file target00.cif (mmCIF, C-alpha atoms, pLDDT in the B column; chains and numbers go by the auth columns)
data_final
loop_
_atom_site.group_PDB
_atom_site.id
_atom_site.type_symbol
_atom_site.label_atom_id
_atom_site.label_comp_id
_atom_site.label_asym_id
_atom_site.label_seq_id
_atom_site.Cartn_x
_atom_site.Cartn_y
_atom_site.Cartn_z
_atom_site.B_iso_or_equiv
_atom_site.auth_seq_id
_atom_site.auth_asym_id
ATOM 1 C CA MET A 1 0.000 0.000 0.000 71.00 1 V
ATOM 2 C CA LYS A 2 2.922 2.360 0.551 83.00 2 V
ATOM 3 C CA LYS A 3 3.688 2.182 -3.166 85.00 3 V
ATOM 4 C CA HIS A 4 0.270 3.768 -3.811 85.00 4 V
ATOM 5 C CA ILE A 5 1.206 6.651 -1.521 86.00 5 V
ATOM 6 C CA ILE A 6 4.481 7.165 -3.388 89.00 6 V
ATOM 7 C CA VAL A 7 2.851 6.991 -6.825 89.00 7 V
ATOM 8 C CA GLY A 8 0.046 9.317 -5.730 89.00 8 V
ATOM 9 C CA SER A 9 2.504 11.818 -4.294 90.00 9 V
ATOM 10 C CA LEU A 10 4.511 11.737 -7.525 90.00 10 V
ATOM 11 C CA ILE A 11 1.325 12.513 -9.451 91.00 11 V
ATOM 12 C CA CYS A 12 0.701 15.479 -7.137 90.00 12 V
ATOM 13 C CA VAL A 13 4.239 16.760 -7.617 90.00 13 V
ATOM 14 C CA ALA A 14 3.995 16.194 -11.386 91.00 14 V
ATOM 15 C CA THR A 15 1.315 18.883 -11.551 92.00 15 V
ATOM 16 C CA VAL A 16 4.250 21.309 -11.223 92.00 16 V
ATOM 17 C CA LEU A 17 5.083 20.289 -14.795 91.00 17 V
ATOM 18 C CA ILE A 18 1.597 21.274 -15.932 89.00 18 V
ATOM 19 C CA PHE A 19 2.055 24.694 -14.342 90.00 19 V
ATOM 20 C CA LEU A 20 5.585 25.122 -15.709 91.00 20 V
ATOM 21 C CA VAL A 21 4.363 24.552 -19.258 91.00 21 V
ATOM 22 C CA PHE A 22 2.177 27.643 -18.840 90.00 22 V
ATOM 23 C CA TRP A 23 4.630 29.635 -16.669 91.00 23 V
ATOM 24 C CA GLY A 24 5.124 32.360 -19.295 89.00 24 V
ATOM 25 C CA LYS A 25 1.389 32.821 -19.817 90.00 25 V
ATOM 26 C CA LEU A 26 0.414 32.963 -16.140 89.00 26 V
ATOM 27 C CA PRO A 27 -0.058 36.442 -14.687 90.00 27 V
ATOM 28 C CA ALA A 28 2.235 37.582 -11.861 90.00 28 V
ATOM 29 C CA ASP A 29 -0.726 37.338 -9.472 89.00 29 V
ATOM 30 C CA VAL A 30 -2.915 34.318 -10.195 88.00 30 V
ATOM 31 C CA PRO A 31 -6.595 34.689 -9.240 87.00 31 V
ATOM 32 C CA ILE A 32 -7.720 31.946 -6.875 82.00 32 V
ATOM 33 C CA HIS A 33 -11.098 33.170 -5.641 83.00 33 V
ATOM 34 C CA PHE A 34 -13.970 34.883 -7.385 83.00 34 V
ATOM 35 C CA ASP A 35 -17.087 36.726 -6.214 85.00 35 V
ATOM 36 C CA SER A 36 -20.609 35.958 -7.427 86.00 36 V
ATOM 37 C CA SER A 37 -20.135 38.307 -10.404 85.00 37 V
ATOM 38 C CA GLY A 38 -17.067 36.436 -11.577 81.00 38 V
ATOM 39 C CA ASN A 39 -14.582 39.103 -10.522 85.00 39 V
ATOM 40 C CA ALA A 40 -11.333 37.940 -8.948 83.00 40 V
ATOM 41 C CA ASN A 41 -11.217 39.024 -5.309 86.00 41 V
ATOM 42 C CA SER A 42 -8.202 37.037 -4.143 87.00 42 V
ATOM 43 C CA THR A 43 -4.877 36.327 -5.815 87.00 43 V
ATOM 44 C CA LEU A 44 -1.616 34.590 -5.004 89.00 44 V
ATOM 45 C CA PRO A 45 1.833 35.118 -6.502 93.00 45 V
ATOM 46 C CA LYS A 46 2.598 32.862 -9.454 91.00 46 V
ATOM 47 C CA ALA A 47 5.393 30.969 -7.676 92.00 47 V
ATOM 48 C CA VAL A 48 3.144 30.153 -4.706 92.00 48 V
ATOM 49 C CA VAL A 49 0.509 28.690 -7.016 89.00 49 V
ATOM 50 C CA VAL A 50 2.957 26.768 -9.220 91.00 50 V
ATOM 51 C CA PHE A 51 4.896 25.176 -6.374 93.00 51 V
ATOM 52 C CA GLY A 52 2.546 25.506 -3.392 91.00 52 V
ATOM 53 C CA ILE A 53 -0.548 23.741 -4.725 89.00 53 V
ATOM 54 C CA PRO A 54 1.351 20.563 -5.747 92.00 54 V
ATOM 55 C CA ALA A 55 3.310 20.558 -2.457 93.00 55 V
ATOM 56 C CA ILE A 56 0.160 20.911 -0.358 92.00 56 V
ATOM 57 C CA CYS A 57 -1.565 18.160 -2.342 91.00 57 V
ATOM 58 C CA ALA A 58 1.437 15.839 -1.934 92.00 58 V
ATOM 59 C CA ILE A 59 1.465 16.423 1.832 93.00 59 V
ATOM 60 C CA LEU A 60 -2.281 15.786 2.030 91.00 60 V
ATOM 61 C CA ASN A 61 -1.794 12.616 -0.008 91.00 61 V
ATOM 62 C CA VAL A 62 0.825 11.283 2.401 92.00 62 V
ATOM 63 C CA PHE A 63 -1.330 11.968 5.460 92.00 63 V
ATOM 64 C CA SER A 64 -4.460 10.496 3.897 89.00 64 V
ATOM 65 C CA GLY A 65 -2.510 7.486 2.600 88.00 65 V
ATOM 66 C CA PHE A 66 -1.098 6.596 6.004 88.00 66 V
ATOM 67 C CA SER A 67 -4.547 7.116 7.489 86.00 67 V
ATOM 68 C CA LEU A 68 -5.894 4.563 5.008 84.00 68 V
ATOM 69 C CA ILE A 69 -3.113 2.141 5.939 83.00 69 V
ATOM 70 C CA LYS A 70 -3.920 2.578 9.626 85.00 70 V
ATOM 71 C CA LYS A 71 -7.596 1.851 8.933 86.00 71 V
ATOM 72 C CA LYS A 72 -6.570 -1.126 6.777 83.00 72 V
ATOM 73 C CA ASP A 73 -8.688 0.135 3.903 76.00 73 V
ATOM 74 C CA GLU A 74 -8.319 -2.220 0.937 78.00 74 V
ATOM 75 C CA ARG A 75 -9.909 0.093 -1.657 82.00 75 V
ATOM 76 C CA THR A 76 -6.990 1.076 -3.888 80.00 76 V
ATOM 77 C CA PHE A 77 -8.798 3.965 -5.583 80.00 77 V
ATOM 78 C CA MET A 78 -8.888 5.813 -2.251 84.00 78 V
ATOM 79 C CA TYR A 79 -5.113 6.320 -2.502 82.00 79 V
ATOM 80 C CA TYR A 80 -5.575 8.250 -5.746 86.00 80 V
ATOM 81 C CA LEU A 81 -8.347 10.675 -4.795 89.00 81 V
ATOM 82 C CA VAL A 82 -6.009 13.476 -3.684 90.00 82 V
ATOM 83 C CA PRO A 83 -3.786 13.111 -6.785 92.00 83 V
ATOM 84 C CA ALA A 84 -6.873 13.265 -9.010 93.00 84 V
ATOM 85 C CA ILE A 85 -8.045 16.376 -7.175 92.00 85 V
ATOM 86 C CA SER A 86 -4.551 17.858 -7.600 91.00 86 V
ATOM 87 C CA VAL A 87 -4.710 17.460 -11.377 92.00 87 V
ATOM 88 C CA VAL A 88 -8.237 18.889 -11.522 92.00 88 V
ATOM 89 C CA VAL A 89 -7.264 21.870 -9.354 89.00 89 V
ATOM 90 C CA ALA A 90 -4.268 22.566 -11.592 90.00 90 V
ATOM 91 C CA ALA A 91 -6.471 22.459 -14.693 90.00 91 V
ATOM 92 C CA VAL A 92 -9.125 24.718 -13.143 87.00 92 V
ATOM 93 C CA VAL A 93 -6.561 27.261 -11.932 86.00 93 V
ATOM 94 C CA LEU A 94 -5.013 27.377 -15.398 88.00 94 V
ATOM 95 C CA VAL A 95 -8.359 27.774 -17.152 87.00 95 V
ATOM 96 C CA LEU A 96 -9.405 30.585 -14.837 82.00 96 V
ATOM 97 C CA ALA A 97 -6.006 32.322 -14.862 81.00 97 V
ATOM 98 C CA LEU A 98 -5.434 32.283 -18.612 80.00 98 V
#
call {"tool": "encode", "arguments": {"input": "target00.cif", "output": "structure tokens"}}
result
Amino acid sequence: MKKHIIVGSLICVATVLIFLVFWGKLPADVPIHFDSSGNANSTLPKAVVVFGIPAICAILNVFSGFSLIKKKDERTFMYYLVPAISVVVAAVVLVLAL
């Protein structure tokens, strides 16, 4: 089961590559929150988004993975929920920022 944690964490970290592909097109301050009218009301610096989101997702993946091991959960797909969310978050941030 630990191999699933490692693979999932690598997927989370690999989202950095997705962000780096679009590094030149990302604004200096990337919008991360919008009001009901669709106006950006919260931004983060580009470097925080590019490196912070994958790092946070990888850390969450490790904690959730060891929690699953402790509970002896046999459902393999559970180890890949956070990595899947990481990829989706990266895609959404890019779509909204570009």
call {"tool": "atom_distance", "arguments": {"input": "target00.cif", "atom1": "CA of Pro27 in chain V", "atom2": "CA of Ser42 in chain V"}}
result
13.3 Å
call {"tool": "closest_residue", "arguments": {"input": "target00.cif", "among": "V:Leu96, V:Ala90, V:Ser64, V:Ala84", "to": "Lys2 in chain V", "atoms": "all atoms listed in the file"}}
result
V:Ser64
call {"tool": "resolve_selection", "arguments": {"input": "target00.cif", "expression": "the PyMOL selection byres ((chain V and resi 81) around 12)", "output": "PyMOL selection string"}}
result
chain V and resi 4-5+7-9+11-12+57-58+60-62+64-65+68+75-80+82-88
call {"tool": "resolve_selection", "arguments": {"input": "target00.cif", "expression": "the PyMOL selection byres ((chain V and resi 53) around 9)", "output": "list in words"}}
result
Cys12, Val13, Thr15, Val16, Val48, Val49, Val50, Phe51, Gly52, Pro54, Ala55, Ile56, Cys57, Ala58, Ser86, Val89 and Ala90 of chain V
call {"tool": "atom_distance", "arguments": {"input": "target00.cif", "atom1": "CA of Phe63 in chain V", "atom2": "CA of Leu17 in chain V"}}
result
22.8 Å
call {"tool": "residues_around", "arguments": {"input": "target00.cif", "residues": "Lys25 in chain V", "least_positions_apart": "2", "cutoff": "9 Å", "atoms": "all atoms listed in the file", "output": "MDAnalysis selection string"}}
result
chainID V and resid 21:23 27 97:98
call {"tool": "write_last_selection", "arguments": {"input": "target00.cif", "atoms": "C-alpha atoms", "output": "CSV table (one decimal), keeping the file's coordinate frame"}}
result
chain,number,residue,atom,x,y,z
V,21,VAL,CA,4.4,24.6,-19.3
V,22,PHE,CA,2.2,27.6,-18.8
V,23,TRP,CA,4.6,29.6,-16.7
V,27,PRO,CA,-0.1,36.4,-14.7
V,97,ALA,CA,-6.0,32.3,-14.9
V,98,LEU,CA,-5.4,32.3,-18.6
call {"tool": "residues_around", "arguments": {"input": "target00.cif", "residues": "Val30 in chain V", "least_positions_apart": "5", "cutoff": "6 Å", "atoms": "all atoms listed in the file", "output": "count of residues only"}}
result
4
call {"tool": "closest_residue", "arguments": {"input": "target00.cif", "among": "V:Ala47, V:Ile59, V:Lys3, V:Lys71", "to": "Leu26 in chain V", "atoms": "only C-alpha atoms"}}
result
V:Ala47
call {"tool": "axis_aligned_box", "arguments": {"input": "target00.cif", "around": "range 65-70 of chain V", "padding_each_side": "4 Å", "output": "lines of an AutoDock Vina configuration file"}}
result
center_x = -3.5
center_y = 4.8
center_z = 6.1
size_x = 12.8
size_y = 13.3
size_z = 15.0
call {"tool": "atom_distance", "arguments": {"input": "target00.cif", "atom1": "CA of Val93 in chain V", "atom2": "CA of Asp29 in chain V"}}
result
11.9 Å
